[in-house]
$ cat target-v9.cif   # mmCIF, C-alpha atoms
data_run
#
loop_
_atom_site.group_PDB
_atom_site.id
_atom_site.type_symbol
_atom_site.label_atom_id
_atom_site.label_comp_id
_atom_site.auth_asym_id
_atom_site.auth_seq_id
_atom_site.Cartn_x
_atom_site.Cartn_y
_atom_site.Cartn_z
ATOM 1 C CA MET A 223 -8.528 -8.645 24.126
ATOM 2 C CA LYS A 224 -6.847 -11.941 23.209
ATOM 3 C CA LYS A 225 -9.099 -12.262 20.148
ATOM 4 C CA LYS A 226 -8.219 -8.719 19.083
ATOM 5 C CA LEU A 227 -4.486 -9.376 19.429
ATOM 6 C CA THR A 228 -4.853 -12.592 17.425
ATOM 7 C CA TYR A 229 -6.635 -10.747 14.613
ATOM 8 C CA ILE A 230 -3.991 -8.029 14.658
ATOM 9 C CA ALA A 231 -1.182 -10.612 14.548
ATOM 10 C CA ILE A 232 -2.793 -12.424 11.606
ATOM 11 C CA SER A 233 -3.458 -9.170 9.756
ATOM 12 C CA VAL A 234 0.068 -7.862 10.302
ATOM 13 C CA SER A 235 1.450 -11.200 9.082
ATOM 14 C CA ILE A 236 -0.658 -11.071 5.916
ATOM 15 C CA CYS A 237 0.423 -7.488 5.202
ATOM 16 C CA LEU A 238 4.086 -8.321 5.753
ATOM 17 C CA ILE A 239 3.807 -11.378 3.475
ATOM 18 C CA ILE A 240 2.280 -9.196 0.747
ATOM 19 C CA GLY A 241 5.076 -6.700 1.343
ATOM 20 C CA PHE A 242 7.682 -9.446 1.094
ATOM 21 C CA LEU A 243 6.193 -10.696 -2.184
ATOM 22 C CA SER A 244 6.083 -7.121 -3.522
ATOM 23 C CA GLY A 245 9.701 -6.711 -2.492
ATOM 24 C CA TYR A 246 10.541 -9.847 -4.416
ATOM 25 C CA ALA A 247 9.049 -8.310 -7.575
ATOM 26 C CA THR A 248 10.949 -5.105 -6.845
ATOM 27 C CA GLN A 249 14.320 -6.833 -6.406
ATOM 28 C CA SER A 250 14.105 -8.202 -9.927
ATOM 29 C CA SER A 251 14.982 -4.799 -11.385
ATOM 30 C CA VAL A 252 15.891 -2.411 -8.574
ATOM 31 C CA ASN A 253 19.619 -3.047 -8.993
ATOM 32 C CA ASP A 254 19.741 -2.637 -12.753
ATOM 33 C CA TRP A 255 16.771 -1.128 -14.622
ATOM 34 C CA TYR A 256 15.739 1.209 -11.798
ATOM 35 C CA LEU A 257 19.311 2.491 -11.371
ATOM 36 C CA SER A 258 19.390 3.499 -15.039
ATOM 37 C CA LEU A 259 16.273 5.683 -14.796
ATOM 38 C CA ASN A 260 16.353 9.452 -14.528
ATOM 39 C CA LYS A 261 14.859 10.384 -11.164
ATOM 40 C CA PRO A 262 13.794 13.673 -9.603
ATOM 41 C CA SER A 263 15.937 15.363 -6.979
ATOM 42 C CA PHE A 264 13.479 14.404 -4.221
ATOM 43 C CA ASN A 265 13.859 10.681 -4.905
ATOM 44 C CA PRO A 266 14.792 9.078 -1.554
ATOM 45 C CA PRO A 267 17.792 6.764 -1.296
ATOM 46 C CA ASN A 268 16.915 3.131 -2.021
ATOM 47 C CA TRP A 269 17.636 1.980 1.546
ATOM 48 C CA ILE A 270 14.730 4.060 2.925
ATOM 49 C CA PHE A 271 11.988 2.139 1.122
ATOM 50 C CA GLY A 272 12.354 -1.141 3.028
ATOM 51 C CA PRO A 273 12.022 0.303 6.548
ATOM 52 C CA VAL A 274 9.230 2.696 5.536
ATOM 53 C CA TRP A 275 7.186 -0.025 3.848
ATOM 54 C CA THR A 276 7.751 -2.415 6.745
ATOM 55 C CA LEU A 277 6.387 0.162 9.176
ATOM 56 C CA LEU A 278 3.454 0.949 6.870
ATOM 57 C CA TYR A 279 2.555 -2.737 6.464
ATOM 58 C CA ILE A 280 2.630 -3.143 10.250
ATOM 59 C CA LEU A 281 0.333 -0.125 10.713
ATOM 60 C CA MET A 282 -1.972 -1.433 7.986
ATOM 61 C CA GLY A 283 -2.115 -4.830 9.652
ATOM 62 C CA ILE A 284 -2.865 -3.341 13.054
ATOM 63 C CA ALA A 285 -5.665 -1.278 11.506
ATOM 64 C CA ALA A 286 -7.147 -4.296 9.712
ATOM 65 C CA GLY A 287 -6.918 -6.391 12.884
ATOM 66 C CA ILE A 288 -8.756 -3.738 14.882
ATOM 67 C CA VAL A 289 -11.543 -3.678 12.301
ATOM 68 C CA TRP A 290 -11.691 -7.473 12.037
ATOM 69 C CA ALA A 291 -11.974 -7.778 15.833
ATOM 70 C CA LYS A 292 -15.241 -5.795 15.687
ATOM 71 C CA GLY A 293 -16.882 -8.900 14.206
ATOM 72 C CA PHE A 294 -16.817 -10.111 10.617
ATOM 73 C CA HIS A 295 -20.576 -10.745 10.823
ATOM 74 C CA HIS A 296 -21.201 -6.969 10.658
ATOM 75 C CA ILE A 297 -21.774 -5.705 7.120
ATOM 76 C CA TRP A 298 -19.621 -2.601 7.746
ATOM 77 C CA VAL A 299 -16.721 -4.734 8.944
ATOM 78 C CA LYS A 300 -17.033 -6.988 5.890
ATOM 79 C CA THR A 301 -17.178 -3.985 3.562
ATOM 80 C CA ALA A 302 -14.186 -2.362 5.249
ATOM 81 C CA LEU A 303 -12.110 -5.554 5.064
ATOM 82 C CA TYR A 304 -13.084 -6.281 1.456
ATOM 83 C CA ASN A 305 -11.946 -2.760 0.544
ATOM 84 C CA PHE A 306 -8.756 -3.328 2.511
ATOM 85 C CA GLY A 307 -8.026 -6.595 0.698
ATOM 86 C CA PHE A 308 -8.691 -5.047 -2.690
ATOM 87 C CA GLN A 309 -6.360 -2.104 -2.052
ATOM 88 C CA LEU A 310 -3.704 -4.508 -0.721
ATOM 89 C CA LEU A 311 -3.838 -6.414 -4.017
ATOM 90 C CA PHE A 312 -3.400 -3.166 -5.951
ATOM 91 C CA ASN A 313 -0.531 -2.267 -3.656
ATOM 92 C CA ALA A 314 1.232 -5.464 -4.723
ATOM 93 C CA LEU A 315 0.184 -5.000 -8.350
ATOM 94 C CA TRP A 316 1.982 -1.652 -8.474
ATOM 95 C CA SER A 317 5.330 -3.317 -7.686
ATOM 96 C CA VAL A 318 4.748 -5.945 -10.355
ATOM 97 C CA VAL A 319 3.834 -3.351 -12.991
ATOM 98 C CA PHE A 320 6.524 -0.787 -12.127
ATOM 99 C CA PHE A 321 9.450 -3.083 -11.360
ATOM 100 C CA GLY A 322 8.429 -6.423 -12.844
ATOM 101 C CA PHE A 323 7.051 -5.110 -16.142
ATOM 102 C CA LYS A 324 9.292 -2.003 -15.985
ATOM 103 C CA ASN A 325 6.400 0.203 -16.999
ATOM 104 C CA PRO A 326 6.120 3.525 -15.106
ATOM 105 C CA PHE A 327 3.107 4.700 -17.138
ATOM 106 C CA TRP A 328 0.892 1.706 -16.351
ATOM 107 C CA ALA A 329 2.200 1.748 -12.783
ATOM 108 C CA LEU A 330 1.029 5.359 -12.552
ATOM 109 C CA LEU A 331 -2.475 4.294 -13.530
ATOM 110 C CA VAL A 332 -2.360 1.505 -10.943
ATOM 111 C CA ILE A 333 -1.170 3.819 -8.174
ATOM 112 C CA LEU A 334 -3.848 6.413 -8.961
ATOM 113 C CA PHE A 335 -6.471 3.688 -8.611
ATOM 114 C CA LEU A 336 -4.717 2.524 -5.430
ATOM 115 C CA LEU A 337 -5.029 6.017 -3.949
ATOM 116 C CA ALA A 338 -8.779 5.951 -4.537
ATOM 117 C CA LEU A 339 -8.996 2.493 -2.955
ATOM 118 C CA ILE A 340 -7.016 3.641 0.086
ATOM 119 C CA LEU A 341 -9.384 6.579 0.554
ATOM 120 C CA LEU A 342 -12.365 4.222 0.358
ATOM 121 C CA THR A 343 -10.708 1.906 2.855
ATOM 122 C CA ILE A 344 -10.065 4.793 5.243
ATOM 123 C CA LYS A 345 -13.706 5.829 4.879
ATOM 124 C CA TRP A 346 -14.969 2.332 5.724
ATOM 125 C CA PHE A 347 -12.444 1.812 8.498
ATOM 126 C CA ASN A 348 -13.629 5.094 10.019
ATOM 127 C CA VAL A 349 -17.188 3.736 10.104
ATOM 128 C CA VAL A 350 -15.951 0.775 12.160
ATOM 129 C CA SER A 351 -13.029 2.305 14.117
ATOM 130 C CA ARG A 352 -11.645 5.820 14.019
ATOM 131 C CA THR A 353 -8.310 4.511 15.364
ATOM 132 C CA ALA A 354 -8.028 2.039 12.488
ATOM 133 C CA ALA A 355 -8.757 4.808 9.976
ATOM 134 C CA TYR A 356 -6.080 7.046 11.519
ATOM 135 C CA LEU A 357 -3.528 4.234 11.315
ATOM 136 C CA LEU A 358 -3.926 4.261 7.511
ATOM 137 C CA ILE A 359 -3.143 7.969 7.121
ATOM 138 C CA PRO A 360 0.676 7.519 6.980
ATOM 139 C CA TYR A 361 0.139 4.873 4.279
ATOM 140 C CA PHE A 362 -2.068 7.231 2.286
ATOM 141 C CA LEU A 363 0.462 10.057 2.584
ATOM 142 C CA TRP A 364 3.358 7.815 1.524
ATOM 143 C CA VAL A 365 1.390 6.579 -1.490
ATOM 144 C CA CYS A 366 0.645 10.224 -2.392
ATOM 145 C CA PHE A 367 4.391 10.845 -2.348
ATOM 146 C CA ALA A 368 4.998 7.632 -4.325
ATOM 147 C CA THR A 369 2.431 8.773 -6.901
ATOM 148 C CA ILE A 370 4.276 12.045 -7.455
ATOM 149 C CA LEU A 371 7.565 10.157 -7.648
ATOM 150 C CA ASN A 372 6.088 7.644 -10.106
ATOM 151 C CA TYR A 373 4.750 10.490 -12.253
ATOM 152 C CA LYS A 374 8.096 12.301 -12.315
ATOM 153 C CA ILE A 375 9.986 9.110 -13.191
ATOM 154 C CA TRP A 376 7.558 8.456 -16.036
ATOM 155 C CA GLU A 377 7.824 12.085 -17.194
ATOM 156 C CA MET A 378 11.635 12.094 -17.073
ATOM 157 C CA ASN A 379 12.052 8.815 -18.910
#
$ encode --input "target-v9.cif" --output "structure tokens"
Amino acid sequence: MKKKLTYIAISVSICLIIGFLSGYATQSSVNDWYLSLNKPSFNPPNWIFGPVWTLLYILMGIAAGIVWAKGFHHIWVKTALYNFGFQLLFNALWSVVFFGFKNPFWALLVILFLLALILLTIKWFNVVSRTAAYLLIPYFLWVCFATILNYKIWEMN
């Protein structure tokens, strides 16, 4: 149990660090460029994104820690965690492309690829731990919403 909690703590920390770095890229234009964009009526207020992403990164970290605790020597665990790491990089890349490069179209392409990677990660997490796979469902649903939002922002601008 102690090993599992250690893996969860490390995984949550990594996810939160990635989230912090993504937030740093976001802050570069959220108070100027992003404010000037036309947005759909269902666009949430800016203050909601921080708490939602923090919770999602915590859930993602818990899920990854659960999988990791099953033993990195297992090929399914390795595959699941490699998929997880790859989708986490694309998660961060989206913030850089959308907010850093101020490019909603290319960000849309990134987020569509991210959705596919999240589904693959859920699939592989499910092979290792059903609980871990379920913990990624809120993340997947939020990224589905973010994809629609990204599309509408691109369409309206």
$ atom_distance --input "target-v9.cif" --atom1 "CA of Pro360 (chain A)" --atom2 "CA of Tyr279 (chain A)"
10.4 Å
$ resolve_selection --input "target-v9.cif" --expression "the PyMOL selection byres ((chain A and resi 351-355) around 10)" --output "JSON, numbers by chain"
{"A": [281, 282, 283, 284, 285, 286, 287, 288, 289, 292, 299, 341, 343, 344, 345, 346, 347, 348, 349, 350, 356, 357, 358, 359]}
$ atom_distance --input "target-v9.cif" --atom1 "CA of Met378 (chain A)" --atom2 "CA of Phe320 (chain A)"
14.7 Å
$ atom_distance --input "target-v9.cif" --atom1 "CA of Ile232 (chain A)" --atom2 "CA of Ala368 (chain A)"
26.8 Å
$ resolve_selection --input "target-v9.cif" --expression "the PyMOL selection byres ((chain A and resi 226) around 8)" --output "ChimeraX atom specification"
/A:223-225,227-230,287-288,290-291
$ resolve_selection --input "target-v9.cif" --expression "the PyMOL selection byres ((chain A and resi 374-377) around 7)" --output "VMD selection string"
chain A and resid 260 to 262 326 to 327 370 to 373 378 to 379
